[in-house]
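Asker: Have a peek at entry_37.txt (compact mmCIF, C-alpha atoms (C1' of nucleotides)).
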```txt
# COMPACT_ATOMS: atom_id res chain seq x y z
CA MET A 1 209.66 90.17 -135.06
CA VAL A 2 209.65 90.87 -131.38
CA GLU A 3 206.66 93.08 -131.33
CA ASN A 4 205.46 92.28 -127.86
CA ALA A 5 208.03 93.32 -125.35
CA VAL A 6 206.30 92.41 -122.11
CA GLN A 7 205.44 95.55 -120.27
CA GLY A 8 205.95 95.26 -116.55
CA ASP A 9 202.32 95.92 -115.81
CA ALA A 10 201.51 95.10 -112.20
CA GLU A 11 204.19 92.78 -110.98
CA GLY A 12 204.43 89.57 -113.04
CA THR A 13 204.38 88.77 -116.70
CA PRO A 14 200.95 89.14 -118.27
CA PRO A 15 199.50 85.83 -119.45
CA GLU A 16 198.62 86.94 -122.98
CA GLY A 17 201.06 88.14 -125.58
CA ARG A 18 199.60 90.90 -127.66
CA ALA A 19 197.31 93.51 -126.16
CA PRO A 20 198.51 95.43 -123.12
CA ARG A 21 195.39 94.35 -121.25
CA PRO A 22 192.52 91.90 -121.73
CA ASP A 23 189.19 93.20 -122.98
CA LEU A 24 186.98 94.49 -120.22
CA ALA A 25 184.29 91.95 -120.96
CA GLU A 26 186.85 89.19 -120.77
CA MET A 27 187.59 90.20 -117.20
CA VAL A 28 184.10 91.19 -116.16
CA MET A 29 182.42 88.03 -117.42
CA PRO A 30 184.12 85.53 -115.12
CA LEU A 31 183.76 87.96 -112.24
CA LEU A 32 180.02 88.15 -112.75
CA ARG A 33 179.77 84.42 -113.11
CA THR A 34 181.46 83.87 -109.79
CA LEU A 35 179.43 86.59 -108.11
CA MET A 36 176.21 84.98 -109.26
CA ALA A 37 177.37 81.52 -108.27
CA ALA A 38 178.15 82.89 -104.82
CA GLU A 39 174.73 84.51 -104.56
CA GLN A 40 172.85 81.44 -105.59
CA PRO A 41 173.05 79.44 -102.34
CA VAL A 42 172.00 82.49 -100.34
CA LEU A 43 169.03 83.10 -102.59
CA ASP A 44 168.11 79.43 -102.55
CA ALA A 45 168.16 79.42 -98.77
CA HIS A 46 165.50 82.12 -98.83
CA GLY A 47 163.50 80.76 -101.73
CA LEU A 48 164.32 83.66 -104.02
CA THR A 49 165.21 83.61 -107.68
CA MET A 50 167.65 86.11 -109.09
CA TRP A 51 164.77 88.04 -110.62
CA ALA A 52 162.84 88.05 -107.37
CA TYR A 53 165.86 89.48 -105.60
CA ALA A 54 166.23 92.10 -108.30
CA VAL A 55 162.61 93.09 -107.74
CA LEU A 56 163.07 93.38 -103.98
CA LEU A 57 166.18 95.47 -104.47
CA HIS A 58 164.60 97.82 -106.89
CA LEU A 59 161.33 98.28 -105.06
CA ASP A 60 163.30 99.23 -102.02
CA GLU A 61 165.16 101.86 -103.97
CA THR A 62 162.34 103.48 -105.81
CA PRO A 63 158.64 102.71 -105.34
CA ILE A 64 157.13 102.08 -108.73
CA ARG A 65 153.69 102.55 -110.12
CA THR A 66 153.56 100.12 -113.03
CA GLN A 67 154.90 96.66 -113.63
CA ALA A 68 156.16 97.70 -117.02
CA ALA A 69 158.32 100.39 -115.45
CA LEU A 70 159.70 97.92 -112.95
CA ALA A 71 160.46 95.46 -115.71
CA GLU A 72 162.32 98.07 -117.71
CA ALA A 73 164.23 99.20 -114.66
CA ILE A 74 165.62 95.76 -113.99
CA ARG A 75 165.97 95.03 -117.71
CA ALA A 76 163.49 92.22 -117.76
CA ASP A 77 160.66 91.50 -120.14
CA LYS A 78 157.33 92.65 -118.71
CA THR A 79 155.89 89.18 -119.21
CA ARG A 80 158.71 87.59 -117.32
CA ILE A 81 158.28 89.25 -113.96
CA ILE A 82 154.61 88.40 -113.63
CA ALA A 83 155.15 84.98 -112.12
CA VAL A 84 157.81 86.52 -109.90
CA LEU A 85 155.41 89.18 -108.65
CA ASP A 86 152.70 86.56 -108.11
CA ASP A 87 155.02 84.58 -105.89
CA LEU A 88 156.32 87.54 -103.94
CA GLU A 89 152.78 88.77 -103.37
CA ASN A 90 151.52 85.38 -102.23
CA ARG A 91 154.35 85.20 -99.73
CA GLY A 92 153.50 88.64 -98.39
CA LEU A 93 156.78 90.19 -99.45
CA ILE A 94 155.31 92.81 -101.73
CA ARG A 95 151.96 94.52 -102.11
CA ARG A 96 150.33 94.87 -105.51
CA ARG A 97 147.10 96.83 -105.74
CA PRO A 98 145.33 98.60 -108.56
CA ASP A 99 145.97 102.32 -108.75
CA PRO A 100 142.69 104.06 -107.79
CA LYS A 101 143.44 106.80 -110.32
CA ASP A 102 143.99 104.34 -113.17
CA ARG A 103 142.87 100.87 -112.38
CA ARG A 104 144.84 99.36 -115.20
CA ALA A 105 148.10 100.05 -113.36
CA ARG A 106 149.36 98.19 -110.31
CA LEU A 107 150.97 100.02 -107.41
CA LEU A 108 153.93 98.02 -106.19
CA SER A 109 155.51 98.30 -102.77
CA LEU A 110 157.56 96.28 -100.31
CA THR A 111 155.97 94.94 -97.15
CA THR A 112 157.84 95.16 -93.88
CA GLU A 113 158.60 91.49 -94.13
CA GLY A 114 159.82 91.93 -97.68
CA LEU A 115 162.13 94.67 -96.60
CA ARG A 116 163.47 92.58 -93.77
CA LEU A 117 164.10 89.66 -96.07
CA ARG A 118 165.84 91.90 -98.56
CA ASP A 119 168.01 93.25 -95.76
CA SER A 120 169.22 89.91 -94.50
CA VAL A 121 169.78 88.50 -97.96
CA GLN A 122 171.72 91.53 -99.10
CA SER A 123 173.75 91.54 -95.94
CA ALA A 124 174.72 87.90 -96.43
CA ILE A 125 175.56 88.47 -100.06
CA GLN A 126 177.74 91.50 -99.43
CA GLN A 127 179.48 89.74 -96.57
CA GLY A 128 180.42 86.96 -98.95
CA GLU A 129 181.67 89.44 -101.50
CA GLU A 130 183.90 91.10 -98.96
CA GLN A 131 185.34 87.86 -97.66
CA ARG A 132 185.90 86.11 -100.95
CA LEU A 133 186.94 88.93 -103.21
CA LEU A 134 187.20 92.47 -101.94
CA SER A 135 189.36 91.53 -98.97
CA GLN A 136 192.01 90.47 -101.45
CA LEU A 137 192.46 94.05 -102.61
CA PRO A 138 194.66 96.55 -100.75
CA ASP A 139 192.46 98.97 -98.81
CA GLU A 140 193.17 102.05 -100.89
CA ASP A 141 192.65 100.10 -104.11
CA ARG A 142 189.37 98.71 -102.87
CA GLU A 143 187.85 102.10 -102.33
CA THR A 144 188.93 103.31 -105.72
CA PHE A 145 187.73 100.14 -107.35
CA LEU A 146 184.28 100.37 -105.85
CA ARG A 147 183.94 104.01 -106.74
CA SER A 148 185.08 103.41 -110.31
CA LEU A 149 182.84 100.42 -110.72
CA ARG A 150 179.94 102.49 -109.53
CA THR A 151 180.73 105.20 -112.04
CA LEU A 152 181.11 102.80 -114.93
CA SER A 153 177.99 100.93 -113.99
CA ALA A 154 175.99 104.12 -113.97
CA LEU A 155 177.42 105.07 -117.35
CA ALA A 156 176.53 101.67 -118.68
CA GLU A 157 172.96 101.95 -117.44
CA GLN A 158 172.68 105.33 -119.07
CA GLU A 159 173.74 103.95 -122.43
CA ALA A 160 171.47 100.96 -122.08
CA SER A 161 168.39 102.96 -121.14
CA GLY A 162 169.21 105.32 -123.98
CA THR A 163 169.17 102.63 -126.60
CA ALA A 164 166.19 100.95 -124.96
CA ARG A 165 164.29 104.16 -125.25
CA ASP A 166 165.28 104.50 -128.88
CA THR A 167 164.04 100.99 -129.57
CA ALA A 168 160.74 101.55 -127.80
CA ARG A 169 160.16 104.92 -129.41
CA ARG A 170 157.58 105.06 -132.14
CA PRO A 171 157.74 107.79 -134.77
CA GLY A 172 155.80 110.56 -133.00
CA ARG A 173 155.36 114.05 -134.32
CA ALA A 174 158.18 116.44 -133.37
CA MET B 1 156.80 112.08 -114.03
CA VAL B 2 159.65 113.40 -111.89
CA GLU B 3 161.19 110.06 -111.20
CA ASN B 4 164.83 110.82 -111.86
CA ALA B 5 166.34 113.45 -109.67
CA VAL B 6 169.90 113.32 -110.91
CA GLN B 7 172.02 111.54 -108.34
CA GLY B 8 175.35 113.05 -107.36
CA ASP B 9 177.01 109.76 -108.04
CA ALA B 10 180.67 110.21 -107.19
CA GLU B 11 180.50 111.27 -103.57
CA GLY B 12 177.00 112.65 -103.08
CA THR B 13 174.07 110.79 -101.58
CA PRO B 14 173.88 107.12 -102.45
CA PRO B 15 170.88 106.30 -104.63
CA GLU B 16 169.56 103.46 -102.46
CA GLY B 17 168.47 103.75 -98.87
CA ARG B 18 169.80 100.85 -96.88
CA ALA B 19 173.13 99.27 -97.74
CA PRO B 20 176.20 101.50 -97.97
CA ARG B 21 176.83 100.19 -101.47
CA PRO B 22 175.01 98.16 -104.13
CA ASP B 23 175.84 94.48 -104.51
CA LEU B 24 178.76 93.86 -106.81
CA ALA B 25 176.65 91.84 -109.20
CA GLU B 26 174.15 94.68 -109.35
CA MET B 27 176.89 96.93 -110.66
CA VAL B 28 178.78 94.43 -112.75
CA MET B 29 175.74 93.10 -114.60
CA PRO B 30 174.75 96.30 -116.43
CA LEU B 31 178.39 96.99 -117.14
CA LEU B 32 178.81 93.62 -118.81
CA ARG B 33 175.60 94.07 -120.74
CA THR B 34 176.78 97.36 -122.15
CA LEU B 35 180.23 95.99 -122.90
CA MET B 36 178.75 93.12 -124.86
CA ALA B 37 176.32 95.38 -126.65
CA ALA B 38 179.25 97.55 -127.66
CA GLU B 39 181.22 94.55 -128.90
CA GLN B 40 178.40 93.16 -130.97
CA PRO B 41 178.58 95.51 -133.96
CA VAL B 42 182.32 95.04 -134.18
CA LEU B 43 181.97 91.28 -134.12
CA ASP B 44 179.13 91.39 -136.61
CA ALA B 45 181.24 93.44 -138.97
CA HIS B 46 183.77 90.62 -138.99
CA GLY B 47 181.31 87.76 -139.01
CA LEU B 48 182.25 86.55 -135.55
CA THR B 49 180.04 85.35 -132.76
CA MET B 50 180.95 86.00 -129.16
CA TRP B 51 182.04 82.39 -128.80
CA ALA B 52 184.18 82.54 -131.91
CA TYR B 53 185.91 85.63 -130.58
CA ALA B 54 186.48 83.89 -127.26
CA VAL B 55 188.09 81.03 -129.13
CA LEU B 56 190.39 83.34 -131.06
CA LEU B 57 191.36 85.15 -127.90
CA HIS B 58 192.15 82.03 -126.00
CA LEU B 59 194.01 80.24 -128.75
CA ASP B 60 196.19 83.26 -129.07
CA GLU B 61 197.01 83.17 -125.40
CA THR B 62 197.70 79.49 -124.96
CA PRO B 63 197.86 76.91 -127.75
CA ILE B 64 195.66 74.02 -126.77
CA ARG B 65 195.75 70.36 -127.55
CA THR B 66 192.15 69.24 -127.11
CA GLN B 67 188.82 70.80 -127.82
CA ALA B 68 187.57 69.79 -124.41
CA ALA B 69 190.34 71.78 -122.77
CA LEU B 70 189.53 74.79 -124.88
CA ALA B 71 185.86 74.48 -124.03
CA GLU B 72 186.59 74.34 -120.32
CA ALA B 73 188.96 77.28 -120.58
CA ILE B 74 186.33 79.54 -122.04
CA ARG B 75 183.60 78.02 -119.88
CA ALA B 76 181.62 76.61 -122.77
CA ASP B 77 180.10 73.22 -123.24
CA LYS B 78 182.33 71.02 -125.36
CA THR B 79 179.44 70.31 -127.73
CA ARG B 80 178.81 73.98 -128.20
CA ILE B 81 182.11 75.05 -129.65
CA ILE B 82 182.13 72.41 -132.39
CA ALA B 83 180.10 74.43 -134.84
CA VAL B 84 182.22 77.43 -133.93
CA LEU B 85 185.44 75.57 -134.68
CA ASP B 86 183.99 74.24 -137.93
CA ASP B 87 183.28 77.75 -139.07
CA LEU B 88 186.61 79.18 -138.00
CA GLU B 89 188.42 76.33 -139.70
CA ASN B 90 186.47 76.68 -142.94
CA ARG B 91 187.33 80.35 -143.02
CA GLY B 92 191.00 79.60 -142.50
CA LEU B 93 191.22 81.38 -139.18
CA ILE B 94 192.28 78.36 -137.17
CA ARG B 95 193.94 75.03 -137.91
CA ARG B 96 192.54 71.82 -136.48
CA ARG B 97 194.47 68.64 -137.12
CA PRO B 98 194.61 65.29 -135.35
CA ASP B 99 197.44 64.89 -132.87
CA PRO B 100 199.86 62.34 -134.37
CA LYS B 101 200.58 61.00 -130.89
CA ASP B 102 196.90 60.49 -130.10
CA ARG B 103 194.68 60.75 -133.07
CA ARG B 104 191.57 61.19 -130.97
CA ALA B 105 192.69 64.65 -129.97
CA ARG B 106 192.70 67.73 -132.20
CA LEU B 107 195.60 70.17 -132.16
CA LEU B 108 194.22 73.70 -132.34
CA SER B 109 196.14 76.73 -133.48
CA LEU B 110 195.61 80.17 -134.93
CA THR B 111 196.50 80.85 -138.54
CA THR B 112 198.24 84.08 -139.46
CA GLU B 113 195.01 85.40 -140.83
CA GLY B 114 193.20 84.39 -137.66
CA LEU B 115 195.72 86.24 -135.59
CA ARG B 116 195.41 89.31 -137.75
CA LEU B 117 191.65 89.25 -137.47
CA ARG B 118 191.85 88.80 -133.73
CA ASP B 119 194.18 91.78 -133.56
CA SER B 120 192.03 94.20 -135.46
CA VAL B 121 188.86 93.13 -133.71
CA GLN B 122 190.42 93.41 -130.29
CA SER B 123 191.91 96.74 -131.16
CA ALA B 124 188.54 98.10 -132.23
CA ILE B 125 186.85 96.72 -129.14
CA GLN B 126 189.35 98.14 -126.71
CA GLN B 127 189.29 101.48 -128.46
CA GLY B 128 185.54 101.60 -127.91
CA GLU B 129 185.95 100.69 -124.28
CA GLU B 130 188.41 103.50 -123.75
CA GLN B 131 186.30 106.09 -125.49
CA ARG B 132 182.95 105.18 -124.02
CA LEU B 133 183.81 104.18 -120.50
CA LEU B 134 187.37 104.27 -119.26
CA SER B 135 187.97 107.82 -120.42
CA GLN B 136 185.32 108.90 -117.92
CA LEU B 137 187.53 107.84 -115.02
CA PRO B 138 190.29 110.05 -113.61
CA ASP B 139 193.67 108.77 -114.79
CA GLU B 140 194.90 107.53 -111.44
CA ASP B 141 191.59 105.80 -110.73
CA ARG B 142 191.64 104.13 -114.11
CA GLU B 143 194.91 102.39 -113.51
CA THR B 144 193.85 101.17 -110.10
CA PHE B 145 190.52 100.07 -111.44
CA LEU B 146 192.04 98.00 -114.21
CA ARG B 147 194.56 96.42 -111.89
CA SER B 148 191.88 95.57 -109.33
CA LEU B 149 189.54 94.21 -111.94
CA ARG B 150 192.30 92.01 -113.21
CA THR B 151 192.98 90.69 -109.73
CA LEU B 152 189.35 90.01 -108.98
CA SER B 153 188.80 88.41 -112.35
CA ALA B 154 191.71 86.04 -111.76
CA LEU B 155 190.36 85.20 -108.32
CA ALA B 156 186.96 84.54 -109.81
CA GLU B 157 188.42 82.24 -112.43
CA GLN B 158 190.29 80.35 -109.76
CA GLU B 159 187.12 79.72 -107.80
CA ALA B 160 185.21 78.75 -110.89
CA SER B 161 187.79 76.29 -112.13
CA GLY B 162 188.00 74.91 -108.64
CA THR B 163 184.31 74.08 -108.45
CA ALA B 164 184.35 72.91 -112.05
CA ARG B 165 187.08 70.44 -111.18
CA ASP B 166 185.07 69.27 -108.18
CA THR B 167 182.04 68.70 -110.35
CA ALA B 168 183.99 66.74 -112.92
CA ARG B 169 185.75 64.61 -110.33
CA ARG B 170 184.38 61.14 -109.89
CA PRO B 171 184.63 59.32 -106.57
CA GLY B 172 187.98 57.56 -106.89
CA ARG B 173 189.30 55.15 -104.28
CA ALA B 174 191.78 56.24 -101.59
C1' DT C 1 187.18 49.75 -121.13
C1' DA C 2 188.14 54.66 -121.29
C1' DT C 3 188.55 58.95 -123.84
C1' DT C 4 187.99 62.45 -127.79
C1' DG C 5 185.11 64.30 -130.77
C1' DT C 6 180.58 64.36 -132.92
C1' DT C 7 175.51 64.13 -133.64
C1' DA C 8 170.78 64.02 -132.07
C1' DT C 9 167.57 64.97 -128.56
C1' DA C 10 165.44 67.33 -124.77
C1' DC C 11 165.11 71.04 -121.76
C1' DT C 12 165.31 75.83 -120.03
C1' DC C 13 165.02 80.36 -120.70
C1' DT C 14 163.33 84.31 -123.16
C1' DA C 15 160.69 86.95 -126.27
C1' DT C 16 156.44 87.43 -129.49
C1' DA C 17 151.75 87.40 -130.23
C1' DA C 18 147.02 87.09 -128.84
C1' DC C 19 143.50 88.22 -125.15
C1' DT C 20 141.08 90.88 -121.12
C1' DA C 21 140.20 94.99 -118.57
C1' DT C 22 140.27 99.58 -118.06
C1' DA C 23 140.62 104.24 -120.01
C1' DT D 1 141.60 103.53 -129.93
C1' DA D 2 145.16 102.97 -126.89
C1' DT D 3 147.47 101.19 -122.64
C1' DA D 4 148.45 97.85 -118.43
C1' DG D 5 148.46 93.49 -117.35
C1' DT D 6 147.99 88.62 -118.33
C1' DT D 7 148.17 84.14 -120.82
C1' DA D 8 149.61 81.08 -124.50
C1' DT D 9 152.80 80.07 -127.99
C1' DA D 10 157.00 79.86 -130.43
C1' DG D 11 161.87 80.57 -130.76
C1' DA D 12 166.82 80.71 -129.30
C1' DG D 13 170.14 79.01 -126.58
C1' DT D 14 171.98 75.41 -123.76
C1' DA D 15 172.89 71.09 -121.87
C1' DT D 16 172.16 65.81 -121.80
C1' DA D 17 172.47 61.55 -123.79
C1' DA D 18 173.65 58.36 -127.40
C1' DC D 19 177.19 57.26 -131.05
C1' DA D 20 181.75 56.50 -133.77
C1' DA D 21 186.66 56.46 -133.72
C1' DT D 22 190.87 55.75 -131.37
C1' DA D 23 193.57 54.29 -127.51
```
What's the structure tokens form of this structure?
Answerer:
Amino acid sequence: MVENAVQGDAEGTPPEGRAPRPDLAEMVMPLLRTLMAAEQPVLDAHGLTMWAYAVLLHLDETPIRTQAALAEAIRADKTRIIAVLDDLENRGLIRRRPDPKDRRARLLSLTTEGLRLRDSVQSAIQQGEEQRLLSQLPDEDRETFLRSLRTLSALAEQEASGTARDTARRPGRA
Amino acid sequence: MVENAVQGDAEGTPPEGRAPRPDLAEMVMPLLRTLMAAEQPVLDAHGLTMWAYAVLLHLDETPIRTQAALAEAIRADKTRIIAVLDDLENRGLIRRRPDPKDRRARLLSLTTEGLRLRDSVQSAIQQGEEQRLLSQLPDEDRETFLRSLRTLSALAEQEASGTARDTARRPGRA
DNA sequence: TATTGTTATACTCTATAACTATA
DNA sequence: TATAGTTATAGAGTATAACAATA
């Protein structure tokens, strides 16, 4: 039975025999691994963990009023980011002060220095991404790829936050 | 709380303030998380772990002569896949027999049943991917996206295997 | 002696549960 | 009493190191 006539996909013969394409996760996983491996030295050079960088990124985007909200936003456990916030605060990269209106909550914000650090780290990281990976794509493909990735990522976050909300939801009345 | 003014994703205003685009990892990470979350129920339904599925996928692609090679191919520790192989073998999904030419090594191959299972699982997974995510992309973007992802994934694997080889290499003479 | 596979151990990462303070 | 944050503990996942068989 010759059930897999190779379909002339891009240009060469596809490495695997059966499915017309690999699973998305099968392609995305090694990509992420390499991306993170490439980030690591940059982060190390600035004394940042991956979680710390995630915090800097997200605080820059949207100022946040509780640590729990920040944790959920970056998909971390609320107990996990505490040490991270301690460190960032001690190094003057973020501010963390009790909300006057509800002193249980902590108002979180970036300091100027934190924002500057975030800038230079992100710049270095994105430069590496361009040089190592994106530059290998034809220009018109690159644009489309980035736009599509952005769309899919947003969709993915939607689904994730949806299920997260479902999990967190207690049986309230209607 | 008015924290989520819907962002005009496609071409509207970018959600974050500084960089023209998010880091790749920042986009790829949630995508992978959602992909894996979507795979999980399918795998569960067939009694497969993620690693077991990876093994089935890779054995289908390229028959392999040692467990160590298989482990490296799917980026797992060689000690980790042993339990996985035990299970797959006991269930008759793979064959594992000593190489007559070197009885230290184990020849690994898919059984017919293993191949059939791999097929139906992969089919279900890819169907889910299409419905949940890929269908949201315009047709012409989708093709380009998949082709680009494939390219970048291959590049990433190259880099990874390169550094892996460096790590494994001992200082030889000359 | 070197290599393949295996088992046993230790370590890292992550989540769960218990505690303090504010409300 | 309920919630935000914190601390302490336990669990899952992973890698490291020692071992047996074969070369």
Asker: Compute the chain B side of the contact with chain D at 10 Å, counting only C-alpha atoms (C1' of nucleotides), and hand it back as a ChimeraX atom specification.
Answerer: /B:76-77,79-80,102-105
Asker: My list of candidates is B:Leu152, B:Ala68, B:Ala83, B:Leu48. Which is closest to Leu117 of chain B when distances are computed with all atoms listed in the file?
Answerer: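 Ranked by minimum distance to Leu117 of chain B, first place goes to B:Leu48.
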Asker: Determine, counting all atoms listed in the file, which protein, DNA and RNA residues have an atom within 9 Å of an atom of Ala154 of chain A; residues of the same chain fewer than 4 positions away are not included. Present the result as a ChimeraX atom specification.
Answerer: /A:149-150,158-159 /B:9,27,30-31
Asker: What is the atom CA of Ser120 of chain B to atom CA of Leu146 of chain B distance in Å?
Answerer: 21.6 Å
Asker: Could you list, as a PyMOL selection string, every residue of chain A that has an atom within 7 Å of an atom of chain B, counting only C-alpha atoms?
Answerer: chain A and resi 15-17+23+25+27-32+34-36+61+126+133+137+141+144-145+148-153+156-157+160
Asker: With distances taken over all atoms listed in the file, which of A:Leu43, A:Ala52, A:Leu108, A:Ala71 is nearest to Ile94 of chain A?
Answerer: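 For Ile94 of chain A, the nearest of the given residues is A:Leu108.
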Asker: Separation of atom CA of Tyr53 of chain A and atom CA of Arg118 of chain A, in Å?
Answerer: 7.4 Å
Asker: For chain A, work out the contacting residues on chain C at 9 Å, counting only C-alpha atoms (C1' of nucleotides), and write them as a list in words.
Answerer: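 My answer is DT14, DA15, DA21, DT22 and DA23 of chain C.
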Asker: Give me, please, the distance in Å between atom CA of Leu56 of chain B and atom CA of Arg97 of chain B, quoted to one decimal.
Answerer: 16.4 Å
Asker: Return as lines of an AutoDock Vina configuration file the centre and edge lengths, in Å with one decimal, of the box along x, y and z that encloses every atom of segment 107-123 of chain A in the file, padded by 4 Å per side.
Answerer:
```
center_x = 162.4
center_y = 94.3
center_z = -100.6
size_x = 30.8
size_y = 19.5
size_z = 21.6
```
Asker: Mind rebuilding segment 71-85 of chain A with N, CA, C and O atoms and writing that out as a JSON list (two decimals), keeping the file's coordinate frame?
Answerer:
```json
[["chain", "number", "residue", "atom", "x", "y", "z"],
["A", 71, "ALA", "N", 159.80, 96.38, -114.79],
["A", 71, "ALA", "CA", 160.46, 95.46, -115.71],
["A", 71, "ALA", "C", 161.59, 96.17, -116.46],
["A", 71, "ALA", "O", 162.70, 95.65, -116.57],
["A", 72, "GLU", "N", 161.29, 97.35, -116.97],
["A", 72, "GLU", "CA", 162.32, 98.07, -117.71],
["A", 72, "GLU", "C", 163.48, 98.44, -116.81],
["A", 72, "GLU", "O", 164.65, 98.36, -117.22],
["A", 73, "ALA", "N", 163.18, 98.78, -115.59],
["A", 73, "ALA", "CA", 164.23, 99.20, -114.66],
["A", 73, "ALA", "C", 165.21, 98.06, -114.40],
["A", 73, "ALA", "O", 166.41, 98.29, -114.28],
["A", 74, "ILE", "N", 164.71, 96.87, -114.26],
["A", 74, "ILE", "CA", 165.62, 95.76, -113.99],
["A", 74, "ILE", "C", 165.95, 95.01, -115.27],
["A", 74, "ILE", "O", 166.49, 93.90, -115.24],
["A", 75, "ARG", "N", 165.62, 95.61, -116.40],
["A", 75, "ARG", "CA", 165.97, 95.03, -117.71],
["A", 75, "ARG", "C", 165.41, 93.64, -117.91],
["A", 75, "ARG", "O", 166.10, 92.73, -118.39],
["A", 76, "ALA", "N", 164.16, 93.49, -117.53],
["A", 76, "ALA", "CA", 163.49, 92.22, -117.76],
["A", 76, "ALA", "C", 162.31, 92.46, -118.69],
["A", 76, "ALA", "O", 161.82, 93.58, -118.83],
["A", 77, "ASP", "N", 161.87, 91.40, -119.34],
["A", 77, "ASP", "CA", 160.66, 91.50, -120.14],
["A", 77, "ASP", "C", 159.46, 91.64, -119.19],
["A", 77, "ASP", "O", 159.42, 91.04, -118.12],
["A", 78, "LYS", "N", 158.47, 92.41, -119.60],
["A", 78, "LYS", "CA", 157.33, 92.65, -118.71],
["A", 78, "LYS", "C", 156.54, 91.36, -118.46],
["A", 78, "LYS", "O", 155.91, 91.19, -117.42],
["A", 79, "THR", "N", 156.61, 90.44, -119.40],
["A", 79, "THR", "CA", 155.89, 89.18, -119.21],
["A", 79, "THR", "C", 156.64, 88.25, -118.26],
["A", 79, "THR", "O", 156.05, 87.33, -117.70],
["A", 80, "ARG", "N", 157.91, 88.52, -118.13],
["A", 80, "ARG", "CA", 158.71, 87.59, -117.32],
["A", 80, "ARG", "C", 158.51, 87.77, -115.83],
["A", 80, "ARG", "O", 158.51, 86.80, -115.07],
["A", 81, "ILE", "N", 158.32, 89.01, -115.40],
["A", 81, "ILE", "CA", 158.28, 89.25, -113.96],
["A", 81, "ILE", "C", 156.93, 88.93, -113.35],
["A", 81, "ILE", "O", 156.78, 88.95, -112.13],
["A", 82, "ILE", "N", 155.95, 88.62, -114.17],
["A", 82, "ILE", "CA", 154.61, 88.40, -113.63],
["A", 82, "ILE", "C", 154.58, 87.25, -112.64],
["A", 82, "ILE", "O", 154.07, 87.38, -111.52],
["A", 83, "ALA", "N", 155.12, 86.12, -113.03],
["A", 83, "ALA", "CA", 155.15, 84.98, -112.12],
["A", 83, "ALA", "C", 155.94, 85.32, -110.86],
["A", 83, "ALA", "O", 155.58, 84.90, -109.75],
["A", 84, "VAL", "N", 157.00, 86.10, -111.04],
["A", 84, "VAL", "CA", 157.81, 86.52, -109.90],
["A", 84, "VAL", "C", 156.98, 87.34, -108.94],
["A", 84, "VAL", "O", 156.97, 87.11, -107.72],
["A", 85, "LEU", "N", 156.24, 88.32, -109.49],
["A", 85, "LEU", "CA", 155.41, 89.18, -108.65],
["A", 85, "LEU", "C", 154.31, 88.37, -107.97],
["A", 85, "LEU", "O", 153.99, 88.59, -106.80]]
```
